[in-house]
file final_8.pdb (PDB, C-alpha atoms, pLDDT in the B column)
ATOM      1  CA  MET A 239     108.414  97.150 101.170  1.00 79.00           C
ATOM      2  CA  ARG A 240     105.305  95.664  99.552  1.00 88.00           C
ATOM      3  CA  ILE A 241     104.555  96.465  95.915  1.00 93.00           C
ATOM      4  CA  LEU A 242     101.581  95.778  93.652  1.00 95.00           C
ATOM      5  CA  LEU A 243     102.427  95.111  89.999  1.00 97.00           C
ATOM      6  CA  ALA A 244      99.600  95.187  87.433  1.00 96.00           C
ATOM      7  CA  GLU A 245     100.935  94.228  83.998  1.00 95.00           C
ATOM      8  CA  ASP A 246      99.033  92.115  81.454  1.00 94.00           C
ATOM      9  CA  GLU A 247     102.084  90.923  79.498  1.00 94.00           C
ATOM     10  CA  ARG A 248     102.700  87.610  81.267  1.00 95.00           C
ATOM     11  CA  ASP A 249     106.411  87.293  80.505  1.00 95.00           C
ATOM     12  CA  LEU A 250     107.158  90.884  81.484  1.00 95.00           C
ATOM     13  CA  ASN A 251     105.020  90.514  84.611  1.00 95.00           C
ATOM     14  CA  ARG A 252     106.958  87.404  85.607  1.00 95.00           C
ATOM     15  CA  ILE A 253     110.371  88.978  84.950  1.00 95.00           C
ATOM     16  CA  ILE A 254     109.604  92.181  86.878  1.00 95.00           C
ATOM     17  CA  THR A 255     108.173  90.174  89.781  1.00 95.00           C
ATOM     18  CA  GLN A 256     111.266  87.968  89.922  1.00 93.00           C
ATOM     19  CA  LYS A 257     113.674  90.902  89.767  1.00 91.00           C
ATOM     20  CA  LEU A 258     111.833  92.956  92.387  1.00 91.00           C
ATOM     21  CA  THR A 259     111.592  89.935  94.679  1.00 88.00           C
ATOM     22  CA  ALA A 260     115.322  89.294  94.290  1.00 85.00           C
ATOM     23  CA  ASP A 261     115.864  92.971  95.130  1.00 83.00           C
ATOM     24  CA  GLY A 262     114.142  92.466  98.476  1.00 80.00           C
ATOM     25  CA  TYR A 263     110.601  93.638  97.732  1.00 86.00           C
ATOM     26  CA  SER A 264     107.441  91.706  98.540  1.00 86.00           C
ATOM     27  CA  VAL A 265     105.424  91.668  95.310  1.00 91.00           C
ATOM     28  CA  ASP A 266     101.776  90.916  94.548  1.00 92.00           C
ATOM     29  CA  SER A 267     101.270  90.697  90.794  1.00 94.00           C
ATOM     30  CA  CYS A 268      98.142  90.604  88.669  1.00 95.00           C
ATOM     31  CA  LEU A 269      97.303  90.596  84.971  1.00 95.00           C
ATOM     32  CA  ASP A 270      94.230  92.845  84.778  1.00 94.00           C
ATOM     33  CA  GLY A 271      92.933  96.066  86.197  1.00 95.00           C
ATOM     34  CA  ARG A 272      89.926  94.626  87.995  1.00 95.00           C
ATOM     35  CA  GLU A 273      92.156  92.337  90.070  1.00 95.00           C
ATOM     36  CA  ALA A 274      94.430  95.304  90.803  1.00 96.00           C
ATOM     37  CA  ILE A 275      91.465  97.278  92.161  1.00 96.00           C
ATOM     38  CA  ASP A 276      90.519  94.323  94.366  1.00 94.00           C
ATOM     39  CA  CYS A 277      94.070  94.056  95.729  1.00 93.00           C
ATOM     40  CA  LEU A 278      94.235  97.783  96.454  1.00 94.00           C
ATOM     41  CA  SER A 279      90.937  97.649  98.329  1.00 91.00           C
ATOM     42  CA  CYS A 280      92.266  94.924 100.650  1.00 87.00           C
ATOM     43  CA  THR A 281      95.910  95.863 101.218  1.00 86.00           C
ATOM     44  CA  ASP A 282      97.992  98.972 101.795  1.00 87.00           C
ATOM     45  CA  TYR A 283     101.022  98.982  99.500  1.00 91.00           C
ATOM     46  CA  ASP A 284     104.196 101.037  99.629  1.00 89.00           C
ATOM     47  CA  ALA A 285     104.147 101.513  95.848  1.00 93.00           C
ATOM     48  CA  VAL A 286     102.097 100.489  92.812  1.00 96.00           C
ATOM     49  CA  ILE A 287     103.319  99.804  89.267  1.00 96.00           C
ATOM     50  CA  LEU A 288     100.548 100.027  86.669  1.00 95.00           C
ATOM     51  CA  ASP A 289     100.389  99.274  82.982  1.00 94.00           C
ATOM     52  CA  ILE A 290      97.900 101.570  81.255  1.00 92.00           C
ATOM     53  CA  MET A 291      96.336  99.237  78.689  1.00 91.00           C
ATOM     54  CA  MET A 292      94.943  96.264  80.634  1.00 93.00           C
ATOM     55  CA  PRO A 293      91.808  94.116  80.397  1.00 93.00           C
ATOM     56  CA  GLY A 294      89.086  94.538  83.001  1.00 92.00           C
ATOM     57  CA  ALA A 295      90.018  98.125  83.824  1.00 94.00           C
ATOM     58  CA  ASP A 296      92.789 100.260  82.407  1.00 93.00           C
ATOM     59  CA  GLY A 297      95.500 101.887  84.470  1.00 93.00           C
ATOM     60  CA  TYR A 298      93.664 105.201  84.635  1.00 94.00           C
ATOM     61  CA  ALA A 299      90.599 103.494  86.152  1.00 95.00           C
ATOM     62  CA  VAL A 300      92.767 101.651  88.687  1.00 96.00           C
ATOM     63  CA  LEU A 301      94.478 104.896  89.677  1.00 95.00           C
ATOM     64  CA  ALA A 302      91.141 106.718  89.923  1.00 95.00           C
ATOM     65  CA  SER A 303      89.803 103.990  92.221  1.00 95.00           C
ATOM     66  CA  LEU A 304      92.873 104.312  94.448  1.00 94.00           C
ATOM     67  CA  ARG A 305      92.705 108.105  94.668  1.00 93.00           C
ATOM     68  CA  ASN A 306      88.916 108.092  95.188  1.00 93.00           C
ATOM     69  CA  ALA A 307      89.587 105.924  98.247  1.00 93.00           C
ATOM     70  CA  GLN A 308      91.753 108.802  99.551  1.00 91.00           C
ATOM     71  CA  LYS A 309      94.904 106.687  99.374  1.00 91.00           C
ATOM     72  CA  THR A 310      98.159 108.493  98.626  1.00 90.00           C
ATOM     73  CA  THR A 311     100.128 105.354  97.720  1.00 93.00           C
ATOM     74  CA  PRO A 312     102.792 106.319  95.141  1.00 94.00           C
ATOM     75  CA  VAL A 313     101.990 105.049  91.635  1.00 95.00           C
ATOM     76  CA  LEU A 314     104.262 104.580  88.635  1.00 96.00           C
ATOM     77  CA  PHE A 315     102.782 104.106  85.169  1.00 95.00           C
ATOM     78  CA  LEU A 316     104.806 101.572  83.163  1.00 91.00           C
ATOM     79  CA  THR A 317     103.665 101.743  79.550  1.00 87.00           C
ATOM     80  CA  ALA A 318     104.613 101.756  75.880  1.00 87.00           C
ATOM     81  CA  ARG A 319     102.642 104.967  75.342  1.00 81.00           C
ATOM     82  CA  ASP A 320     105.406 107.545  75.078  1.00 79.00           C
ATOM     83  CA  SER A 321     103.901 110.737  73.662  1.00 84.00           C
ATOM     84  CA  VAL A 322     104.091 113.942  75.679  1.00 86.00           C
ATOM     85  CA  SER A 323     100.295 114.042  75.886  1.00 88.00           C
ATOM     86  CA  ASP A 324     100.238 110.510  77.329  1.00 85.00           C
ATOM     87  CA  ARG A 325     102.819 111.461  79.967  1.00 86.00           C
ATOM     88  CA  VAL A 326     100.919 114.617  80.872  1.00 89.00           C
ATOM     89  CA  LYS A 327      97.627 112.710  81.140  1.00 89.00           C
ATOM     90  CA  GLY A 328      99.209 110.071  83.364  1.00 86.00           C
ATOM     91  CA  LEU A 329     100.768 112.569  85.746  1.00 89.00           C
ATOM     92  CA  ASP A 330      97.688 114.799  85.814  1.00 90.00           C
ATOM     93  CA  SER A 331      95.581 111.728  86.638  1.00 89.00           C
ATOM     94  CA  GLY A 332      97.441 111.391  89.933  1.00 90.00           C
ATOM     95  CA  ALA A 333     100.421 109.192  89.077  1.00 92.00           C
ATOM     96  CA  ASN A 334     103.713 110.007  90.753  1.00 93.00           C
ATOM     97  CA  ASP A 335     105.945 108.856  87.907  1.00 93.00           C
ATOM     98  CA  TYR A 336     105.849 107.552  84.345  1.00 92.00           C
ATOM     99  CA  LEU A 337     108.314 105.100  82.768  1.00 93.00           C
ATOM    100  CA  VAL A 338     108.210 104.111  79.111  1.00 92.00           C
ATOM    101  CA  LYS A 339     108.874 100.588  77.816  1.00 90.00           C
ATOM    102  CA  PRO A 340     111.442  99.325  77.049  1.00 89.00           C
ATOM    103  CA  PHE A 341     113.213 100.335  80.245  1.00 91.00           C
ATOM    104  CA  SER A 342     116.195  99.329  82.352  1.00 92.00           C
ATOM    105  CA  PHE A 343     115.485  97.515  85.589  1.00 92.00           C
ATOM    106  CA  GLU A 344     118.012  99.741  87.364  1.00 91.00           C
ATOM    107  CA  GLU A 345     115.993 102.808  86.395  1.00 93.00           C
ATOM    108  CA  LEU A 346     112.751 101.173  87.504  1.00 94.00           C
ATOM    109  CA  THR A 347     114.128 100.345  90.964  1.00 92.00           C
ATOM    110  CA  ALA A 348     115.640 103.822  91.292  1.00 90.00           C
ATOM    111  CA  ARG A 349     112.256 105.366  90.546  1.00 93.00           C
ATOM    112  CA  ILE A 350     110.572 103.049  93.059  1.00 92.00           C
ATOM    113  CA  ARG A 351     113.084 104.061  95.739  1.00 88.00           C
ATOM    114  CA  ALA A 352     112.493 107.734  94.942  1.00 88.00           C
ATOM    115  CA  MET A 353     108.710 107.368  95.198  1.00 90.00           C
ATOM    116  CA  ILE A 354     108.876 105.495  98.499  1.00 86.00           C
ATOM    117  CA  ARG A 355     111.460 107.933  99.874  1.00 82.00           C
ATOM    118  CA  THR A 356     109.264 110.900  98.996  1.00 82.00           C
ATOM    119  CA  SER A 357     106.134 109.263 100.424  1.00 76.00           C
ATOM    120  CA  HIS A 358     107.965 108.862 103.750  1.00 69.00           C
ATOM    121  CA  GLY A 359     109.165 112.469 103.683  1.00 66.00           C
ATOM    122  CA  GLY A 360     112.779 111.565 102.977  1.00 61.00           C
ATOM    123  CA  VAL A 361     115.294 113.413 100.807  1.00 58.00           C
ATOM    124  CA  SER A 362     118.133 110.899 100.886  1.00 69.00           C
ATOM    125  CA  ASN A 363     118.668 107.236 100.047  1.00 77.00           C
ATOM    126  CA  GLU A 364     120.178 106.788 103.522  1.00 86.00           C
ATOM    127  CA  LEU A 365     118.152 105.798 106.570  1.00 90.00           C
ATOM    128  CA  THR A 366     119.758 106.342 109.971  1.00 93.00           C
ATOM    129  CA  VAL A 367     118.873 105.267 113.505  1.00 94.00           C
ATOM    130  CA  GLY A 368     121.685 106.022 115.940  1.00 93.00           C
ATOM    131  CA  ASP A 369     124.860 104.542 114.461  1.00 94.00           C
ATOM    132  CA  LEU A 370     122.864 102.180 112.217  1.00 96.00           C
ATOM    133  CA  VAL A 371     122.922 103.320 108.587  1.00 96.00           C
ATOM    134  CA  MET A 372     121.097 101.805 105.602  1.00 94.00           C
ATOM    135  CA  ASP A 373     122.036 102.860 102.067  1.00 91.00           C
ATOM    136  CA  CYS A 374     118.895 101.958 100.126  1.00 84.00           C
ATOM    137  CA  ALA A 375     120.541 102.433  96.733  1.00 79.00           C
ATOM    138  CA  ALA A 376     123.562 100.233  97.461  1.00 84.00           C
ATOM    139  CA  LYS A 377     121.549  97.817  99.658  1.00 86.00           C
ATOM    140  CA  ARG A 378     124.252  98.212 102.295  1.00 92.00           C
ATOM    141  CA  VAL A 379     123.802  98.264 106.074  1.00 95.00           C
ATOM    142  CA  THR A 380     126.427  99.312 108.615  1.00 96.00           C
ATOM    143  CA  ARG A 381     126.477  99.846 112.345  1.00 95.00           C
ATOM    144  CA  GLY A 382     129.299 101.876 113.780  1.00 93.00           C
ATOM    145  CA  GLY A 383     130.916 101.716 110.348  1.00 93.00           C
ATOM    146  CA  VAL A 384     130.954  97.909 110.301  1.00 94.00           C
ATOM    147  CA  GLU A 385     129.047  96.315 107.425  1.00 95.00           C
ATOM    148  CA  ILE A 386     126.275  93.850 108.316  1.00 96.00           C
ATOM    149  CA  SER A 387     125.297  91.042 105.952  1.00 95.00           C
ATOM    150  CA  LEU A 388     121.528  90.526 105.688  1.00 93.00           C
ATOM    151  CA  SER A 389     119.310  88.203 103.673  1.00 90.00           C
ATOM    152  CA  ALA A 390     116.798  89.838 101.304  1.00 85.00           C
ATOM    153  CA  ARG A 391     113.963  89.261 103.790  1.00 86.00           C
ATOM    154  CA  GLU A 392     115.987  90.553 106.745  1.00 91.00           C
ATOM    155  CA  TYR A 393     116.892  93.639 104.737  1.00 91.00           C
ATOM    156  CA  ALA A 394     113.247  94.243 103.780  1.00 87.00           C
ATOM    157  CA  LEU A 395     112.162  93.961 107.410  1.00 91.00           C
ATOM    158  CA  LEU A 396     114.893  96.308 108.627  1.00 94.00           C
ATOM    159  CA  GLU A 397     114.085  98.813 105.883  1.00 90.00           C
ATOM    160  CA  TYR A 398     110.430  98.834 106.922  1.00 90.00           C
ATOM    161  CA  LEU A 399     111.350  99.333 110.567  1.00 94.00           C
ATOM    162  CA  MET A 400     113.770 102.150 109.729  1.00 92.00           C
ATOM    163  CA  HIS A 401     111.297 103.919 107.447  1.00 88.00           C
ATOM    164  CA  ASN A 402     109.011 103.929 110.493  1.00 90.00           C
ATOM    165  CA  ALA A 403     111.634 104.632 113.163  1.00 91.00           C
ATOM    166  CA  GLY A 404     110.039 105.458 116.499  1.00 93.00           C
ATOM    167  CA  ILE A 405     106.665 104.028 115.424  1.00 93.00           C
ATOM    168  CA  ILE A 406     105.391 100.829 117.025  1.00 94.00           C
ATOM    169  CA  LEU A 407     104.476  98.313 114.318  1.00 93.00           C
ATOM    170  CA  SER A 408     102.205  95.390 115.099  1.00 92.00           C
ATOM    171  CA  ARG A 409     103.105  91.873 113.986  1.00 89.00           C
ATOM    172  CA  GLU A 410     100.131  91.925 111.622  1.00 86.00           C
ATOM    173  CA  LYS A 411     101.210  95.196 110.006  1.00 86.00           C
ATOM    174  CA  ILE A 412     104.768  93.946 109.555  1.00 89.00           C
ATOM    175  CA  GLU A 413     103.592  90.666 108.049  1.00 85.00           C
ATOM    176  CA  ASP A 414     101.235  92.469 105.669  1.00 80.00           C
ATOM    177  CA  HIS A 415     104.064  94.651 104.364  1.00 80.00           C
ATOM    178  CA  ILE A 416     106.882  92.134 104.153  1.00 81.00           C
ATOM    179  CA  TRP A 417     105.143  88.939 103.029  1.00 75.00           C
ATOM    180  CA  ASN A 418     102.831  88.744 100.033  1.00 66.00           C
ATOM    181  CA  TYR A 419      99.673  86.692  99.439  1.00 63.00           C
ATOM    182  CA  ASP A 420     101.677  83.643  98.334  1.00 62.00           C
ATOM    183  CA  TYR A 421     103.408  83.207 101.676  1.00 62.00           C
ATOM    184  CA  GLU A 422     102.533  79.935 103.424  1.00 57.00           C
ATOM    185  CA  GLY A 423     104.956  79.982 106.362  1.00 57.00           C
ATOM    186  CA  GLY A 424     104.375  79.762 110.087  1.00 58.00           C
ATOM    187  CA  THR A 425     102.366  82.173 112.186  1.00 66.00           C
ATOM    188  CA  ASN A 426     105.453  83.286 114.146  1.00 85.00           C
ATOM    189  CA  VAL A 427     107.424  84.338 111.060  1.00 88.00           C
ATOM    190  CA  VAL A 428     107.705  87.970 112.228  1.00 90.00           C
ATOM    191  CA  ASP A 429     109.101  86.958 115.620  1.00 92.00           C
ATOM    192  CA  VAL A 430     111.607  84.638 113.932  1.00 92.00           C
ATOM    193  CA  TYR A 431     112.935  87.336 111.607  1.00 92.00           C
ATOM    194  CA  ILE A 432     113.024  89.936 114.366  1.00 95.00           C
ATOM    195  CA  SER A 433     115.238  87.528 116.330  1.00 95.00           C
ATOM    196  CA  TYR A 434     117.515  87.162 113.279  1.00 95.00           C
ATOM    197  CA  LEU A 435     117.805  90.949 113.010  1.00 95.00           C
ATOM    198  CA  ARG A 436     118.469  91.374 116.718  1.00 95.00           C
ATOM    199  CA  ARG A 437     121.420  88.985 116.577  1.00 95.00           C
ATOM    200  CA  LYS A 438     122.912  90.860 113.634  1.00 96.00           C
ATOM    201  CA  ILE A 439     122.023  94.448 114.561  1.00 95.00           C
ATOM    202  CA  ASP A 440     122.085  94.445 118.371  1.00 95.00           C
ATOM    203  CA  GLY A 441     124.303  91.450 119.147  1.00 92.00           C
ATOM    204  CA  GLY A 442     127.305  92.568 121.200  1.00 88.00           C
ATOM    205  CA  GLN A 443     126.055  96.169 121.260  1.00 92.00           C
ATOM    206  CA  GLU A 444     125.608  98.093 124.495  1.00 91.00           C
ATOM    207  CA  ARG A 445     122.765 100.164 123.057  1.00 93.00           C
ATOM    208  CA  LYS A 446     119.907  98.097 121.663  1.00 94.00           C
ATOM    209  CA  LEU A 447     117.910  99.551 118.782  1.00 96.00           C
ATOM    210  CA  ILE A 448     115.183  96.939 118.150  1.00 96.00           C
ATOM    211  CA  HIS A 449     112.639  96.845 120.961  1.00 96.00           C
ATOM    212  CA  THR A 450     109.571  94.771 121.812  1.00 94.00           C
ATOM    213  CA  VAL A 451     106.552  96.676 123.063  1.00 93.00           C
ATOM    214  CA  ARG A 452     104.560  94.068 124.927  1.00 90.00           C
ATOM    215  CA  GLY A 453     101.141  93.472 123.456  1.00 89.00           C
ATOM    216  CA  ARG A 454     101.701  95.945 120.624  1.00 91.00           C
ATOM    217  CA  GLY A 455     104.615  94.888 118.431  1.00 93.00           C
ATOM    218  CA  TYR A 456     108.108  96.102 117.580  1.00 95.00           C
ATOM    219  CA  VAL A 457     109.881  99.416 117.139  1.00 96.00           C
ATOM    220  CA  ILE A 458     113.359 100.545 116.156  1.00 96.00           C
ATOM    221  CA  ARG A 459     114.636 103.565 118.091  1.00 94.00           C
ATOM    222  CA  GLU A 460     117.414 104.886 120.265  1.00 88.00           C
ATOM    223  CA  GLU A 461     116.850 104.671 123.989  1.00 77.00           C
TER
END
call {"tool": "encode", "arguments": {"input": "final_8.pdb", "output": "structure tokens"}}
result
Amino acid sequence: MRILLAEDERDLNRIITQKLTADGYSVDSCLDGREAIDCLSCTDYDAVILDIMMPGADGYAVLASLRNAQKTTPVLFLTARDSVSDRVKGLDSGANDYLVKPFSFEELTARIRAMIRTSHGGVSNELTVGDLVMDCAAKRVTRGGVEISLSAREYALLEYLMHNAGIILSREKIEDHIWNYDYEGGTNVVDVYISYLRRKIDGGQERKLIHTVRGRGYVIREE
């Protein structure tokens, strides 16, 4: 899942980016609201984390720009402003959640999972395709009850496929969601990671779940 983080405190921005990246998310980070608006105009994100008080444009302006573009991307305000009126204003402005600093990283990631789950119409932290089960809270994947070990990038790719089970995803769409602007790898990175997943998910299995749709991309589904 690809996340935009807009936080003007450099050290906090760096720490959150590192922790989210280690947790398997692809993160684009910026230090001011104007850059956040530019990022949101160019890329579709799975979730956005916004500080309220930022140079260039504050969090309310960034959120207004996003909603005026008719985008329903879930947004979490991350701020030191903790009064009830501040919370009410943030939520009434179109934010999906509001977390006050200081905060625990575990709570932040739980709130991100909840926002993404809701945006995909889910009610559980588990994603299921056939006998393949992903526990998004525990970061655990099993097939037929047997646990499968995945790298952070493999996990992120599988999570994106499973959130969109039955939907054909182009290579470009997958790359845009799983790799951020800093990525400088090869042009066949999606094909490489799909092959990694196939070996781990479908290797030795009679029923294959990850399918290539020639000329269009990849899909995970039962057939």
call {"tool": "residues_around", "arguments": {"input": "final_8.pdb", "residues": "Ile354 of chain A", "least_positions_apart": "4", "cutoff": "8 Å", "atoms": "only C-alpha atoms", "output": "mmCIF file with C-alpha atoms, in the coordinates of the input"}}
result
data_model
loop_
_atom_site.group_PDB
_atom_site.id
_atom_site.type_symbol
_atom_site.label_atom_id
_atom_site.label_comp_id
_atom_site.auth_asym_id
_atom_site.auth_seq_id
_atom_site.Cartn_x
_atom_site.Cartn_y
_atom_site.Cartn_z
ATOM 1 C CA ASP A 284 104.196 101.037 99.629
ATOM 2 C CA ALA A 285 104.147 101.513 95.848
ATOM 3 C CA PRO A 312 102.792 106.319 95.141
ATOM 4 C CA ILE A 350 110.572 103.049 93.059
ATOM 5 C CA HIS A 358 107.965 108.862 103.750
#
call {"tool": "axis_aligned_box", "arguments": {"input": "final_8.pdb", "around": "segment 442-459 of chain A", "padding_each_side": "5 Å", "output": "AutoDock Vina command-line options"}}
result
--center_x 114.2 --center_y 98.1 --center_z 120.5 --size_x 36.2 --size_y 21.0 --size_z 18.8
call {"tool": "resolve_selection", "arguments": {"input": "final_8.pdb", "expression": "the PyMOL selection byres ((chain A and resi 438) around 12)", "output": "PyMOL selection string"}}
result
chain A and resi 370+379-381+384-389+392-393+396+431-437+439-443+446-448
call {"tool": "closest_atom_pairs", "arguments": {"input": "final_8.pdb", "of": "segment 372-421 of chain A", "to": "segment 275-282 of chain A", "cutoff": "12 Å", "atoms": "only C-alpha atoms", "output": "JSON lines"}}
result
{"residue": "A:Glu410", "atom": "CA", "partner": "A:Thr281", "partner_atom": "CA", "distance": 11.9}
{"residue": "A:Lys411", "atom": "CA", "partner": "A:Asp282", "partner_atom": "CA", "distance": 9.6}
{"residue": "A:Ile412", "atom": "CA", "partner": "A:Asp282", "partner_atom": "CA", "distance": 11.5}
{"residue": "A:Glu413", "atom": "CA", "partner": "A:Thr281", "partner_atom": "CA", "distance": 11.5}
{"residue": "A:Asp414", "atom": "CA", "partner": "A:Thr281", "partner_atom": "CA", "distance": 7.7}
{"residue": "A:His415", "atom": "CA", "partner": "A:Asp282", "partner_atom": "CA", "distance": 7.9}
{"residue": "A:Ile416", "atom": "CA", "partner": "A:Asp282", "partner_atom": "CA", "distance": 11.5}
{"residue": "A:Trp417", "atom": "CA", "partner": "A:Thr281", "partner_atom": "CA", "distance": 11.7}
{"residue": "A:Asn418", "atom": "CA", "partner": "A:Thr281", "partner_atom": "CA", "distance": 10.0}
{"residue": "A:Tyr419", "atom": "CA", "partner": "A:Cys277", "partner_atom": "CA", "distance": 10.0}
call {"tool": "write_last_selection", "arguments": {"input": "final_8.pdb", "atoms": "C-alpha atoms", "output": "PDB file, in the frame of the given file"}}
result
ATOM      1  CA  GLU A 410     100.131  91.925 111.622  1.00 86.00           C
ATOM      2  CA  LYS A 411     101.210  95.196 110.006  1.00 86.00           C
ATOM      3  CA  ILE A 412     104.768  93.946 109.555  1.00 89.00           C
ATOM      4  CA  GLU A 413     103.592  90.666 108.049  1.00 85.00           C
ATOM      5  CA  ASP A 414     101.235  92.469 105.669  1.00 80.00           C
ATOM      6  CA  HIS A 415     104.064  94.651 104.364  1.00 80.00           C
ATOM      7  CA  ILE A 416     106.882  92.134 104.153  1.00 81.00           C
ATOM      8  CA  TRP A 417     105.143  88.939 103.029  1.00 75.00           C
ATOM      9  CA  ASN A 418     102.831  88.744 100.033  1.00 66.00           C
ATOM     10  CA  TYR A 419      99.673  86.692  99.439  1.00 63.00           C
TER      11      TYR A 419
END
call {"tool": "resolve_selection", "arguments": {"input": "final_8.pdb", "expression": "the PyMOL selection byres ((chain A and resi 374) around 8)", "output": "MDAnalysis selection string"}}
result
chainID A and resid 351 363:365 372:373 375:378
call {"tool": "atom_distance", "arguments": {"input": "final_8.pdb", "atom1": "atom CA of Ile458 of chain A", "atom2": "atom CA of Val367 of chain A"}}
result
7.7 Å
call {"tool": "closest_atom_pairs", "arguments": {"input": "final_8.pdb", "of": "segment 342-384 of chain A", "to": "segment 317-338 of chain A", "cutoff": "9 Å", "atoms": "all atoms listed in the file", "output": "Markdown table"}}
result
| residue | atom | partner | partner_atom | distance |
| --- | --- | --- | --- | --- |
| A:Glu345 | CA | A:Leu337 | CA | 8.8 |
| A:Leu346 | CA | A:Leu337 | CA | 7.6 |
| A:Arg349 | CA | A:Asp335 | CA | 7.7 |
| A:Met353 | CA | A:Asn334 | CA | 7.2 |
call {"tool": "closest_residue", "arguments": {"input": "final_8.pdb", "among": "A:Arg240, A:Leu316, A:Gly382, A:Leu301", "to": "Pro340 of chain A", "atoms": "only C-alpha atoms"}}
result
A:Leu316
call {"tool": "resolve_selection", "arguments": {"input": "final_8.pdb", "expression": "the PyMOL selection byres ((chain A and resi 265-270) around 10)", "output": "number ranges by chain"}}
result
A: 239-248, 251-252, 254-259, 262-264, 271-275, 277, 283, 285-289, 291-297, 300, 415-420
call {"tool": "atom_distance", "arguments": {"input": "final_8.pdb", "atom1": "atom CA of Val457 of chain A", "atom2": "atom CA of Leu304 of chain A"}}
result
28.8 Å
call {"tool": "atom_distance", "arguments": {"input": "final_8.pdb", "atom1": "atom CA of Ala403 of chain A", "atom2": "atom CA of Val313 of chain A"}}
result
23.6 Å
call {"tool": "closest_residue", "arguments": {"input": "final_8.pdb", "among": "A:Leu314, A:Leu250, A:Ile405, A:Ala302", "to": "Glu460 of chain A", "atoms": "only C-alpha atoms"}}
result
A:Ile405
call {"tool": "residues_around", "arguments": {"input": "final_8.pdb", "residues": "Ile406 of chain A", "least_positions_apart": "6", "cutoff": "10 Å", "atoms": "only C-alpha atoms", "output": "JSON, numbers by chain"}}
result
{"A": [399, 449, 450, 451, 454, 455, 456, 457, 458, 459]}
call {"tool": "closest_residue", "arguments": {"input": "final_8.pdb", "among": "A:Ala307, A:Ala348, A:Leu407, A:Ala260", "to": "Arg391 of chain A", "atoms": "all atoms listed in the file"}}
result
A:Ala260
call {"tool": "closest_residue", "arguments": {"input": "final_8.pdb", "among": "A:Ser357, A:Thr366, A:Ser342, A:Thr310", "to": "Gly404 of chain A", "atoms": "all atoms listed in the file"}}
result
A:Thr366
